[in-house]
Structure formats: structure tokens, C-alpha cells
file coords_37.tsv (TSV, C-alpha atoms and all ligand atoms)
chain	number	residue	atom	x	y	z
A	1	MET	CA	-23.98	7.93	34.70
A	2	LYS	CA	-20.28	7.31	34.34
A	3	THR	CA	-17.94	10.20	33.80
A	4	ILE	CA	-14.16	10.48	33.61
A	5	VAL	CA	-12.62	13.44	35.38
A	6	CYS	CA	-9.09	14.75	35.03
A	7	ILE	CA	-8.46	15.40	38.75
A	8	GLU	CA	-5.01	16.85	38.26
A	9	PRO	CA	-2.33	16.48	35.59
A	10	GLY	CA	-1.70	12.81	34.87
A	11	ILE	CA	-4.68	11.51	36.84
A	12	LEU	CA	-8.01	10.47	35.35
A	13	GLU	CA	-10.70	9.22	37.70
A	14	LYS	CA	-13.87	7.37	36.87
A	15	ARG	CA	-16.86	8.71	38.78
A	16	GLU	CA	-20.51	7.82	39.07
A	17	VAL	CA	-22.52	11.04	38.99
A	18	GLU	CA	-26.13	11.96	38.53
A	19	ARG	CA	-27.27	12.24	34.94
A	20	PRO	CA	-27.86	15.93	34.19
A	21	SER	CA	-31.25	17.10	32.99
A	22	PRO	CA	-31.53	19.78	30.34
A	23	SER	CA	-32.54	23.29	31.42
A	24	ALA	CA	-34.64	25.52	29.18
A	25	GLY	CA	-32.98	25.89	25.78
A	26	GLU	CA	-30.71	22.89	26.34
A	27	VAL	CA	-30.42	19.42	24.90
A	28	LEU	CA	-29.28	16.25	26.67
A	29	VAL	CA	-26.94	14.35	24.36
A	30	LYS	CA	-26.08	10.67	24.86
A	31	ILE	CA	-22.42	10.56	23.88
A	32	LYS	CA	-21.37	8.00	21.26
A	33	SER	CA	-17.81	8.95	20.28
A	34	ILE	CA	-15.17	11.30	21.66
A	35	GLY	CA	-12.18	12.47	19.64
A	36	ILE	CA	-9.01	12.94	21.64
A	37	CYS	CA	-7.30	16.20	20.85
A	38	GLY	CA	-3.94	17.81	21.57
A	39	THR	CA	-5.82	20.03	24.02
A	40	ASP	CA	-6.89	16.96	26.04
A	41	ILE	CA	-3.39	15.48	25.95
A	42	HIS	CA	-1.85	18.77	27.08
A	43	ALA	CA	-4.42	19.20	29.84
A	44	PHE	CA	-3.74	15.64	30.99
A	45	GLY	CA	0.00	16.29	30.80
A	46	GLY	CA	-0.35	19.49	32.83
A	47	ASN	CA	1.17	21.72	30.18
A	48	GLN	CA	-2.01	23.55	29.23
A	49	PRO	CA	-1.50	26.95	30.93
A	50	PHE	CA	-4.44	28.49	32.83
A	51	PHE	CA	-6.28	25.19	32.80
A	52	GLU	CA	-8.32	24.51	35.93
A	53	TYR	CA	-8.70	21.09	37.52
A	54	PRO	CA	-10.71	19.02	38.13
A	55	ARG	CA	-12.13	19.07	34.63
A	56	VAL	CA	-14.07	16.63	32.46
A	57	LEU	CA	-12.13	16.71	29.18
A	58	GLY	CA	-13.46	16.08	25.69
A	59	HIS	CA	-14.75	18.59	23.15
A	60	GLU	CA	-14.83	16.49	19.97
A	61	LEU	CA	-18.20	14.91	20.44
A	62	SER	CA	-20.95	13.02	18.68
A	63	GLY	CA	-24.03	11.32	20.02
A	64	THR	CA	-27.79	11.18	19.92
A	65	ILE	CA	-30.40	13.51	21.33
A	66	ALA	CA	-31.69	11.91	24.54
A	67	SER	CA	-34.08	14.58	25.81
A	68	LEU	CA	-34.96	18.24	25.43
A	69	GLY	CA	-35.22	21.20	27.75
A	70	GLU	CA	-38.14	23.60	27.67
A	71	GLY	CA	-38.57	25.50	24.41
A	72	VAL	CA	-36.42	23.17	22.30
A	73	ASP	CA	-37.96	21.43	19.32
A	74	LEU	CA	-35.60	18.83	17.86
A	75	PRO	CA	-36.21	15.17	16.98
A	76	VAL	CA	-35.24	13.03	19.98
A	77	GLY	CA	-33.00	10.13	18.94
A	78	SER	CA	-31.37	11.90	16.01
A	79	SER	CA	-27.62	11.73	15.47
A	80	VAL	CA	-25.76	14.92	16.23
A	81	TYR	CA	-22.32	16.41	16.49
A	82	ILE	CA	-21.58	19.17	18.96
A	83	ILE	CA	-20.01	22.55	18.17
A	84	PRO	CA	-18.05	22.93	21.41
A	85	TYR	CA	-17.47	26.68	21.30
A	86	LEU	CA	-20.18	28.30	23.36
A	87	ASN	CA	-20.40	31.99	22.45
A	88	CYS	CA	-22.27	34.87	24.06
A	89	GLY	CA	-24.09	36.10	20.94
A	90	ASP	CA	-23.73	39.65	22.14
A	91	CYS	CA	-20.11	40.84	21.83
A	92	ILE	CA	-18.46	42.67	18.92
A	93	ALA	CA	-17.13	39.43	17.41
A	94	CYS	CA	-20.50	37.65	17.69
A	95	ASN	CA	-22.24	40.66	16.18
A	96	ASN	CA	-19.78	40.64	13.29
A	97	GLY	CA	-20.44	37.00	12.45
A	98	LYS	CA	-17.29	35.73	14.15
A	99	PRO	CA	-18.58	33.69	17.11
A	100	ASN	CA	-15.40	31.59	16.86
A	101	CYS	CA	-13.50	34.44	18.52
A	102	CYS	CA	-16.26	35.62	20.89
A	103	THR	CA	-14.78	37.71	23.70
A	104	ASN	CA	-16.64	35.52	26.23
A	105	ILE	CA	-16.06	32.17	24.55
A	106	GLU	CA	-16.36	29.00	26.61
A	107	VAL	CA	-15.05	25.81	25.09
A	108	LEU	CA	-16.41	22.49	26.35
A	109	GLY	CA	-13.69	20.44	28.02
A	110	VAL	CA	-11.57	23.56	28.51
A	111	HIS	CA	-13.49	26.36	30.23
A	112	ARG	CA	-16.33	24.12	31.35
A	113	ASP	CA	-16.79	20.37	31.63
A	114	GLY	CA	-16.63	18.46	28.37
A	115	GLY	CA	-18.02	15.20	27.11
A	116	MET	CA	-16.00	12.32	28.57
A	117	SER	CA	-19.27	11.21	30.07
A	118	GLU	CA	-22.23	9.11	29.12
A	119	TYR	CA	-24.36	12.24	28.79
A	120	ILE	CA	-23.83	15.98	28.46
A	121	CYS	CA	-26.21	18.96	28.48
A	122	VAL	CA	-25.45	21.66	25.93
A	123	PRO	CA	-27.35	24.63	24.49
A	124	ALA	CA	-29.58	23.54	21.60
A	125	SER	CA	-27.64	25.90	19.32
A	126	ALA	CA	-24.50	23.77	19.87
A	127	VAL	CA	-25.94	20.57	18.40
A	128	VAL	CA	-26.18	19.89	14.68
A	129	ILE	CA	-28.11	16.97	13.26
A	130	ALA	CA	-26.06	15.00	10.75
A	131	ASP	CA	-27.13	11.83	9.02
A	132	GLY	CA	-25.09	9.51	6.87
A	133	LEU	CA	-21.86	9.67	8.85
A	134	THR	CA	-20.49	7.30	11.47
A	135	PHE	CA	-20.28	8.54	15.05
A	136	ASN	CA	-16.48	8.32	14.88
A	137	ASP	CA	-16.41	10.53	11.79
A	138	MET	CA	-18.77	12.96	13.47
A	139	ALA	CA	-16.47	13.12	16.49
A	140	ILE	CA	-13.60	14.45	14.42
A	141	ILE	CA	-15.58	17.12	12.56
A	142	GLU	CA	-14.39	19.72	15.06
A	143	CYS	CA	-10.75	18.84	14.52
A	144	LEU	CA	-11.18	19.01	10.75
A	145	ALA	CA	-13.18	22.25	10.98
A	146	ILE	CA	-10.13	24.02	12.45
A	147	GLY	CA	-8.25	23.34	9.21
A	148	ALA	CA	-11.25	24.11	7.03
A	149	HIS	CA	-11.63	27.47	8.76
A	150	ALA	CA	-7.95	28.32	8.31
A	151	VAL	CA	-8.08	27.41	4.62
A	152	ARG	CA	-11.16	29.60	4.22
A	153	ARG	CA	-9.34	32.44	6.01
A	154	ALA	CA	-6.44	32.08	3.56
A	155	GLN	CA	-8.78	32.03	0.52
A	156	LEU	CA	-6.66	29.34	-1.10
A	157	SER	CA	-6.94	28.60	-4.79
A	158	GLU	CA	-5.31	26.30	-7.33
A	159	HIS	CA	-2.69	29.01	-7.89
A	160	ASP	CA	-1.33	28.59	-4.38
A	161	THR	CA	1.60	26.55	-3.21
A	162	VAL	CA	1.03	25.83	0.47
A	163	LEU	CA	3.37	24.68	3.20
A	164	VAL	CA	1.53	23.19	6.17
A	165	GLN	CA	3.87	23.07	9.16
A	166	GLY	CA	3.22	20.22	11.60
A	167	ALA	CA	1.83	16.79	10.70
A	168	GLY	CA	-0.44	16.37	13.70
A	169	PRO	CA	-4.22	16.00	13.31
A	170	ILE	CA	-4.78	19.73	12.79
A	171	GLY	CA	-1.96	19.99	10.24
A	172	LEU	CA	-3.11	16.94	8.33
A	173	GLY	CA	-6.70	18.21	8.32
A	174	THR	CA	-5.48	21.57	7.07
A	175	ALA	CA	-3.45	19.87	4.33
A	176	GLN	CA	-6.51	17.94	3.17
A	177	PHE	CA	-8.63	21.10	2.87
A	178	ALA	CA	-5.79	22.88	1.06
A	179	LYS	CA	-5.88	20.00	-1.45
A	180	VAL	CA	-9.66	20.33	-1.73
A	181	ALA	CA	-9.09	24.02	-2.59
A	182	GLY	CA	-6.86	22.86	-5.45
A	183	ALA	CA	-3.55	24.10	-4.06
A	184	LYS	CA	-0.20	22.37	-4.31
A	185	VAL	CA	0.54	21.17	-0.77
A	186	PHE	CA	3.73	20.37	1.14
A	187	VAL	CA	3.81	19.23	4.77
A	188	SER	CA	6.74	19.68	7.13
A	189	ASP	CA	7.46	17.95	10.44
A	190	ILE	CA	10.44	16.99	12.54
A	191	ARG	CA	9.30	13.38	12.76
A	192	LYS	CA	10.16	11.32	9.72
A	193	ASP	CA	7.64	8.57	10.56
A	194	LYS	CA	4.82	11.15	10.48
A	195	LEU	CA	6.01	12.47	7.13
A	196	LYS	CA	6.09	8.94	5.76
A	197	PHE	CA	2.55	8.34	7.05
A	198	CYS	CA	1.11	11.48	5.53
A	199	LYS	CA	2.93	11.13	2.23
A	200	GLU	CA	1.35	7.70	1.86
A	201	ALA	CA	-2.09	8.65	3.18
A	202	TYR	CA	-2.58	11.85	1.18
A	203	SER	CA	-1.53	12.80	-2.31
A	204	LEU	CA	0.84	15.50	-1.12
A	205	ASP	CA	3.10	17.33	-3.54
A	206	GLY	CA	6.06	17.04	-1.21
A	207	VAL	CA	7.25	16.71	2.37
A	208	VAL	CA	9.83	18.78	4.18
A	209	ASP	CA	12.05	17.45	6.97
A	210	ALA	CA	11.81	20.23	9.54
A	211	SER	CA	14.91	18.97	11.35
A	212	GLY	CA	16.96	19.85	8.27
A	213	ASP	CA	17.41	23.04	6.22
A	214	VAL	CA	13.77	23.96	5.58
A	215	ASN	CA	14.56	27.03	3.47
A	216	ALA	CA	16.76	25.03	1.08
A	217	GLN	CA	14.18	22.22	0.77
A	218	LEU	CA	11.44	24.74	-0.01
A	219	ALA	CA	13.62	26.48	-2.58
A	220	ALA	CA	14.18	23.13	-4.29
A	221	LEU	CA	10.47	22.20	-4.20
A	222	THR	CA	9.29	25.54	-5.60
A	223	ASP	CA	12.00	26.46	-8.10
A	224	GLY	CA	13.22	29.13	-5.74
A	225	GLN	CA	9.80	30.80	-5.50
A	226	TYR	CA	8.84	29.58	-1.99
A	227	PRO	CA	5.28	28.79	-0.82
A	228	SER	CA	2.64	31.47	-1.41
A	229	VAL	CA	0.94	30.43	1.82
A	230	ILE	CA	2.43	28.97	5.00
A	231	MET	CA	-0.01	27.55	7.55
A	232	ASP	CA	1.50	26.80	10.94
A	233	CYS	CA	0.18	24.02	13.16
A	234	THR	CA	3.32	23.36	15.19
A	235	GLY	CA	2.93	25.39	18.36
A	236	ASN	CA	6.67	25.93	18.07
A	237	VAL	CA	8.09	29.44	18.26
A	238	ASN	CA	11.03	28.80	15.94
A	239	ALA	CA	8.85	27.18	13.29
A	240	MET	CA	6.41	30.09	13.52
A	241	GLN	CA	9.18	32.68	13.21
A	242	SER	CA	10.76	30.90	10.26
A	243	THR	CA	7.61	31.49	8.20
A	244	PHE	CA	8.58	35.15	7.71
A	245	THR	CA	11.68	34.23	5.70
A	246	ASN	CA	10.39	31.04	4.04
A	247	LEU	CA	7.42	32.76	2.36
A	248	ALA	CA	7.01	33.82	-1.29
A	249	HIS	CA	6.80	37.52	-2.05
A	250	GLY	CA	3.16	38.57	-1.91
A	251	GLY	CA	2.38	35.59	0.32
A	252	LYS	CA	0.28	34.88	3.38
A	253	ILE	CA	1.06	33.35	6.76
A	254	VAL	CA	-1.71	31.72	8.78
A	255	PHE	CA	-1.03	30.94	12.43
A	256	ILE	CA	-3.40	28.16	13.47
A	257	SER	CA	-1.57	26.88	16.52
A	258	VAL	CA	-1.27	29.23	19.45
A	259	ILE	CA	1.64	29.61	21.82
A	260	LYS	CA	2.01	31.56	25.06
A	261	LYS	CA	5.01	33.50	23.75
A	262	SER	CA	5.84	36.52	21.65
A	263	ILE	CA	6.61	36.05	17.99
A	264	CYS	CA	9.40	38.22	16.57
A	265	PHE	CA	10.06	39.04	12.95
A	266	ASP	CA	12.33	41.26	10.97
A	267	ASP	CA	10.31	44.12	9.50
A	268	PRO	CA	12.28	44.41	6.22
A	269	GLU	CA	11.62	40.68	5.58
A	270	PHE	CA	7.93	41.21	6.38
A	271	HIS	CA	7.65	44.37	4.30
A	272	LYS	CA	9.54	43.40	1.19
A	273	ARG	CA	7.11	40.50	0.72
A	274	GLU	CA	4.05	42.62	1.53
A	275	THR	CA	3.24	39.74	3.86
A	276	THR	CA	-0.32	39.08	4.98
A	277	LEU	CA	-0.35	37.65	8.50
A	278	LEU	CA	-3.56	35.94	9.64
A	279	GLY	CA	-4.56	34.32	12.89
A	280	SER	CA	-7.10	31.50	12.70
A	281	ARG	CA	-9.08	30.51	15.75
A	282	ASN	CA	-11.59	27.69	16.17
A	283	ALA	CA	-14.21	27.44	13.42
A	284	THR	CA	-17.77	28.49	12.65
A	285	ALA	CA	-20.93	26.53	11.84
A	286	GLN	CA	-20.22	27.21	8.17
A	287	ASP	CA	-16.87	25.39	8.47
A	288	PHE	CA	-18.49	22.46	10.28
A	289	GLU	CA	-21.04	22.15	7.46
A	290	PHE	CA	-18.29	22.24	4.86
A	291	VAL	CA	-16.43	19.44	6.67
A	292	VAL	CA	-19.61	17.33	6.69
A	293	SER	CA	-20.04	17.84	2.93
A	294	CYS	CA	-16.40	16.88	2.30
A	295	LEU	CA	-16.67	13.74	4.45
A	296	LYS	CA	-19.85	12.80	2.59
A	297	ASN	CA	-18.42	13.31	-0.90
A	298	GLY	CA	-15.14	11.63	0.02
A	299	SER	CA	-12.88	14.60	-0.75
A	300	VAL	CA	-11.69	14.34	2.87
A	301	VAL	CA	-11.29	10.95	4.49
A	302	SER	CA	-11.33	10.32	8.21
A	303	SER	CA	-9.66	6.92	7.97
A	304	SER	CA	-6.32	8.56	7.27
A	305	LEU	CA	-6.65	10.67	10.43
A	306	ILE	CA	-8.10	8.20	12.96
A	307	THR	CA	-5.20	5.86	13.73
A	308	HIS	CA	-6.43	4.52	17.09
A	309	THR	CA	-9.77	3.71	18.69
A	310	GLY	CA	-10.58	2.58	22.20
A	311	LYS	CA	-13.50	1.91	24.50
A	312	PHE	CA	-14.71	4.29	27.19
A	313	SER	CA	-14.30	1.54	29.82
A	314	GLU	CA	-10.65	1.11	28.83
A	315	LEU	CA	-9.81	4.78	28.54
A	316	PHE	CA	-7.28	4.80	31.38
A	317	GLU	CA	-4.82	2.37	29.83
A	318	ASP	CA	-5.36	3.74	26.32
A	319	PHE	CA	-4.95	7.35	27.28
A	320	ASN	CA	-1.47	6.81	28.68
A	321	GLN	CA	-0.45	5.03	25.48
A	322	TRP	CA	-1.93	7.71	23.25
A	323	THR	CA	0.11	10.45	24.93
A	324	LYS	CA	3.37	8.79	23.86
A	325	PRO	CA	4.65	10.05	20.51
A	326	GLU	CA	6.39	6.74	19.70
A	327	ASN	CA	2.99	5.05	19.39
A	328	GLY	CA	2.30	6.93	16.17
A	329	VAL	CA	-1.06	8.33	17.23
A	330	ILE	CA	-2.43	10.90	14.81
A	331	LYS	CA	-5.97	10.85	16.13
A	332	ALA	CA	-7.56	8.58	18.69
A	333	VAL	CA	-11.31	8.21	19.12
A	334	VAL	CA	-13.04	6.81	22.19
A	335	GLU	CA	-16.20	4.82	21.54
A	336	MET	CA	-18.87	4.52	24.18
A	337	ASP	CA	-19.56	1.02	25.41
A	338	GLU	CA	-22.93	-0.20	24.26
B	1	ZN	ZN	-9.84	19.49	19.39
B	2	ZN	ZN	-19.62	36.87	21.87

call {"tool": "encode", "arguments": {"input": "coords_37.tsv", "output": "C-alpha cells", "more": "lines below"}}
Ligand SMILES: [Zn+2]
Ligand SMILES: [Zn+2]
result
Amino acid sequence: MKTIVCIEPGILEKREVERPSPSAGEVLVKIKSIGICGTDIHAFGGNQPFFEYPRVLGHELSGTIASLGEGVDLPVGSSVYIIPYLNCGDCIACNNGKPNCCTNIEVLGVHRDGGMSEYICVPASAVVIADGLTFNDMAIIECLAIGAHAVRRAQLSEHDTVLVQGAGPIGLGTAQFAKVAGAKVFVSDIRKDKLKFCKEAYSLDGVVDASGDVNAQLAALTDGQYPSVIMDCTGNVNAMQSTFTNLAHGGKIVFISVIKKSICFDDPEFHKRETTLLGSRNATAQDFEFVVSCLKNGSVVSSSLITHTGKFSELFEDFNQWTKPENGVIKAVVEMDE
């Protein structure tokens, strides 16, 4: 089978390798669509710390069940998406129903080889059968589930005014689920073209130019009350630190993006608001199911997220283009050649 390996930063190589066969408890999935994520772009760009090469990228995956390992009983041929977070099932987080932050987590395409291949073997517990969605939609369920999980963490309601920081795919997914929860939603970004795109694509209640005075713009949008929830998807230390002083009293901060730095805040600012600070990591099967239901009932639309598609055979040229911000890529999806 064909596979595409990221040999070292900036270099993808097409290889012909033997098709894997599923061990006991595993499923062989024939890949149909692969969503391209910030993680892939950063790994390709060499700015994903602690990332080991060579690595087959790709963790946003859909396909069909090709064959089964011993002890697995699933209908061969059915359409599936893959939950790419492989958890141990045995640690404190797993035992407390939080496999998304398992102490031994392995993410496909990050800690072990992902799905930029014609086939991949995964544990049967990582595949979910889903009918009635396109393979491209199924490939971005993971990306959307990150936002759905964060919104669930924040327990948003129609009483909330939410600022989502960062208009990338995770931010825009988060904004959509905040709308589904009934909240008033603003999105901020430093790129005006992205703000224009998302203002047109979603019925947002406002956009904030993050290159300007964010605090003043938020004061104007909220009658001086400020957002009751700020959800950060920027991966930018300054943006993350600004949340502590841009938040409403009694509000919540949710850090979705992760950075390899320390975050500093002023305790009086934190305390006077009785701030709730939440981290949000990955997503659980419950979030994936919720995303599927939203895609099916149309409350969340993939067409406003997927801006580019390409073929597996043409991935090399496309990938270089997709990494350039000026090309306006929100989300690219690679389709397998028939
Ligand atoms: Zn992803
Ligand atoms: Zn675990």
C-alpha cells in the first residue's frame, strides 16, 4: 500500500509498504479522507516540540472497515470515523471517565503513526460506525469534537457572552458549538481576512480585531460588561494572558490551545473576578457523538470549515500550499484516490 511519511521537517516521502494486518482486538480501516490539522502542519514545519521523525502524520480520519482481527465483531465494509486518542483504560483519568487526558495517551499521527496511508490498523474501540455523513465530514469530526468538548467543559448557556480567540479550525468549531449552546459569540483574530470569512460564514454576534485594542472593543460590544467566557484557541502567550483582564466578573476562561510556556497572571485580577480557569484537552466519545448529531441536524456545517480539498496522489504540492497563511486555508481535507 502507499503511505506518506514525514521523514524530517519539510520533507514528505511517498513509500510503498506492506499492508498491515489487524492483530487481535484490532480493525483494518481503508482510509477515505484525511483532515489536515495544525498539528500536522506544525510537525511538517518542524515546530512541534518533542515530535519524533520519521512519522506518518494524520489523525483526522474516516474510512471503511476492511478486515477484522481476532475477537472483533463489526460489520466489514461499514463507514467509520476514528477516535485517534488511544488511552490505556487503566490510569486515574481513564478510571474517572476522562480518557481524553489519559496519563499514557497515544495520539495517532503524533505518538505513533497516523493515517496518511491507504490502510491503518487501530484498536476496535477507536472506530465508530457512522452512516449518513460524507467521508470528508467524518474526517473533520475530531477537529470539531475539540470545540464541542471545550464548550461542554464551560457549560455554556444562552446567558453567556463568549469570546473565542483565534479563527483557525479549532476556534471556528468552538464558535459554532457555542452558538449551538445558545450563547452570544464573538471571535477575535489578528487576520482581518479570517474575521471577514467567519463573520460571513457564521452568524456571529461580533468580531474583534486582535491587532487592535481588544479590551476597548470588548467593552463596546458588551456594554462594558466583558465576555462571561473566553475560550482561547490561539496558542499565543499574550492572547492567553490577556484573558485574565478581558473577562467579566464571575467568568470562566477555557484554554484549548496549548503552548510550551508558562502563563502569568495578576492574582488580584484573577481573584476579584472569582475567575474559573479550565484546561480542555482532546475530546471524548460523547463529544464525537454530539458532533455527529450536530452535523446530521445541520446545526453545525462542515462546508464553512473545509476550504480546500486535494487528492492523496497530489498531496506533496498541496501540502506546501496549505501551510502558507496567505492561501486562506481554514481546513484542508485529503481524499483518497479511487
Ligand atoms: Zn486535529
Ligand atoms: Zn489511561

call {"tool": "residues_near_ligand", "arguments": {"input": "coords_37.tsv", "ligand": "ligand ZN 1 (chain B)", "cutoff": "12 Å", "atoms": "only C-alpha atoms and all ligand atoms", "output": "MDAnalysis selection string"}}
result
chainID A and resid 34:43 57:61 82:85 107:110 114 139:147 168:170 173 257 281:283 331:333

call {"tool": "atom_distance", "arguments": {"input": "coords_37.tsv", "atom1": "atom CA of A:Thr234", "atom2": "atom CA of A:Thr103"}}
result
24.6 Å

call {"tool": "closest_residue", "arguments": {"input": "coords_37.tsv", "among": "A:Val292, A:Ile256, A:Ile330, A:Val5", "to": "A:Phe197", "atoms": "only C-alpha atoms"}}
result
A:Ile330

call {"tool": "residues_around", "arguments": {"input": "coords_37.tsv", "residues": "A:Val258", "least_positions_apart": "4", "cutoff": "12 Å", "atoms": "all atoms listed in the file", "output": "NGL selection string"}}
result
:A and (38-39 or 48-49 or 232-237 or 240 or 254 or 262-263 or 279-282)

call {"tool": "atom_distance", "arguments": {"input": "coords_37.tsv", "atom1": "atom CA of A:Glu8", "atom2": "atom CA of A:Gly46"}}
result
7.6 Å

call {"tool": "residues_near_point", "arguments": {"input": "coords_37.tsv", "point": "(-7.7, 32.2, 4.5)", "cutoff": "9 Å", "atoms": "all atoms listed in the file", "output": "PyMOL selection string"}}
result
chain A and resi 149-156+252+254+278+280

call {"tool": "atom_distance", "arguments": {"input": "coords_37.tsv", "atom1": "atom CA of A:Pro227", "atom2": "atom CA of A:Val300"}}
result
22.6 Å

call {"tool": "residues_near_ligand", "arguments": {"input": "coords_37.tsv", "ligand": "ligand ZN 2 (chain B)", "cutoff": "10 Å", "atoms": "only C-alpha atoms and all ligand atoms", "output": "list in words"}}
result
Leu86, Asn87, Cys88, Gly89, Asp90, Cys91, Ile92, Ala93, Cys94, Asn95, Asn96, Gly97, Lys98, Pro99, Asn100, Cys101, Cys102, Thr103, Asn104, Ile105 and Glu106 of chain A

call {"tool": "closest_atom_pairs", "arguments": {"input": "coords_37.tsv", "of": "stretch 237-321 of chain A", "to": "stretch 20-33 of chain A", "cutoff": "12 Å", "atoms": "all atoms listed in the file", "output": "tab-separated table"}}
result
residue	atom	partner	partner_atom	distance
A:Thr309	CA	A:Ser33	CA	9.7
A:Gly310	CA	A:Ser33	CA	9.8
A:Lys311	CA	A:Ser33	CA	9.3
A:Phe312	CA	A:Ser33	CA	8.9

call {"tool": "closest_residue", "arguments": {"input": "coords_37.tsv", "among": "A:Lys179, A:Glu335, A:Thr64, A:Gly171", "to": "A:Val127", "atoms": "all atoms listed in the file"}}
result
A:Thr64

call {"tool": "residues_around", "arguments": {"input": "coords_37.tsv", "residues": "A:Glu158", "least_positions_apart": "2", "cutoff": "6 Å", "atoms": "only C-alpha atoms", "output": "ChimeraX atom specification"}}
result
/A:160,182-183

call {"tool": "residues_around", "arguments": {"input": "coords_37.tsv", "residues": "A:Tyr202", "least_positions_apart": "3", "cutoff": "12 Å", "atoms": "only C-alpha atoms", "output": "list in words"}}
result
Ala167, Leu172, Gly173, Thr174, Ala175, Gln176, Phe177, Ala178, Lys179, Val180, Val185, Phe186, Val187, Lys194, Leu195, Lys196, Phe197, Cys198, Lys199, Asp205, Gly206, Val207, Ser299, Val300, Val301, Ser302, Ser303, Ser304 and Leu305 of chain A

call {"tool": "closest_residue", "arguments": {"input": "coords_37.tsv", "among": "A:Glu118, A:Glu200, A:Asp189, A:Asp209", "to": "A:Gly63", "atoms": "all atoms listed in the file"}}
result
A:Glu118

call {"tool": "axis_aligned_box", "arguments": {"input": "coords_37.tsv", "around": "stretch 145-155 of chain A", "padding_each_side": "4 Å", "output": "lines of an AutoDock Vina configuration file"}}
result
center_x = -9.8
center_y = 27.3
center_z = 6.5
size_x = 14.7
size_y = 18.2
size_z = 19.9

call {"tool": "closest_residue", "arguments": {"input": "coords_37.tsv", "among": "A:Pro325, A:Ala219, A:Phe50, A:Ser117", "to": "A:Asp337", "atoms": "all atoms listed in the file"}}
result
A:Ser117

call {"tool": "decode", "arguments": {"input": "coords_37.tsv", "residues": "stretch 172-179 of chain A", "atoms": "all heavy atoms", "output": "short mmCIF file (atom, residue, chain, number, x, y, z; two decimals), in the first residue's frame"}}
result
data_model
loop_
_atom_site.label_atom_id
_atom_site.label_comp_id
_atom_site.auth_asym_id
_atom_site.auth_seq_id
_atom_site.Cartn_x
_atom_site.Cartn_y
_atom_site.Cartn_z
N LEU A 172 -13.04 28.17 15.10
CA LEU A 172 -14.32 28.29 14.39
C LEU A 172 -15.26 27.15 14.76
O LEU A 172 -16.47 27.34 14.82
CB LEU A 172 -14.07 28.35 12.88
CG LEU A 172 -13.36 29.64 12.43
CD1 LEU A 172 -13.11 29.62 10.93
CD2 LEU A 172 -14.16 30.87 12.82
N GLY A 173 -14.70 25.97 15.02
CA GLY A 173 -15.53 24.87 15.52
C GLY A 173 -16.09 25.22 16.89
O GLY A 173 -17.28 25.06 17.15
N THR A 174 -15.23 25.73 17.75
CA THR A 174 -15.66 26.12 19.10
C THR A 174 -16.77 27.16 19.02
O THR A 174 -17.78 27.07 19.74
CB THR A 174 -14.45 26.69 19.87
OG1 THR A 174 -13.41 25.70 19.90
CG2 THR A 174 -14.83 27.08 21.29
N ALA A 175 -16.60 28.15 18.13
CA ALA A 175 -17.61 29.21 17.99
C ALA A 175 -18.95 28.62 17.57
O ALA A 175 -20.01 29.02 18.07
CB ALA A 175 -17.14 30.24 16.97
N GLN A 176 -18.90 27.63 16.67
CA GLN A 176 -20.16 27.02 16.22
C GLN A 176 -20.87 26.30 17.37
O GLN A 176 -22.09 26.41 17.51
CB GLN A 176 -19.90 26.03 15.08
CG GLN A 176 -19.50 26.71 13.78
CD GLN A 176 -19.73 25.80 12.58
OE1 GLN A 176 -20.86 25.57 12.17
NE2 GLN A 176 -18.66 25.28 12.03
N PHE A 177 -20.12 25.58 18.20
CA PHE A 177 -20.76 24.87 19.31
C PHE A 177 -21.23 25.84 20.40
O PHE A 177 -22.24 25.58 21.07
CB PHE A 177 -19.84 23.78 19.87
CG PHE A 177 -19.71 22.65 18.92
CD1 PHE A 177 -18.56 22.46 18.18
CD2 PHE A 177 -20.77 21.78 18.71
CE1 PHE A 177 -18.46 21.45 17.24
CE2 PHE A 177 -20.69 20.75 17.78
CZ PHE A 177 -19.52 20.59 17.04
N ALA A 178 -20.55 26.96 20.54
CA ALA A 178 -21.02 27.99 21.49
C ALA A 178 -22.35 28.56 21.01
O ALA A 178 -23.26 28.82 21.80
CB ALA A 178 -19.97 29.09 21.63
N LYS A 179 -22.50 28.70 19.68
CA LYS A 179 -23.78 29.15 19.12
C LYS A 179 -24.87 28.09 19.35
O LYS A 179 -25.99 28.42 19.70
CB LYS A 179 -23.66 29.42 17.60
CG LYS A 179 -22.86 30.64 17.20
CD LYS A 179 -23.46 31.94 17.68
CE LYS A 179 -24.64 32.44 16.85
NZ LYS A 179 -25.09 33.78 17.36
#
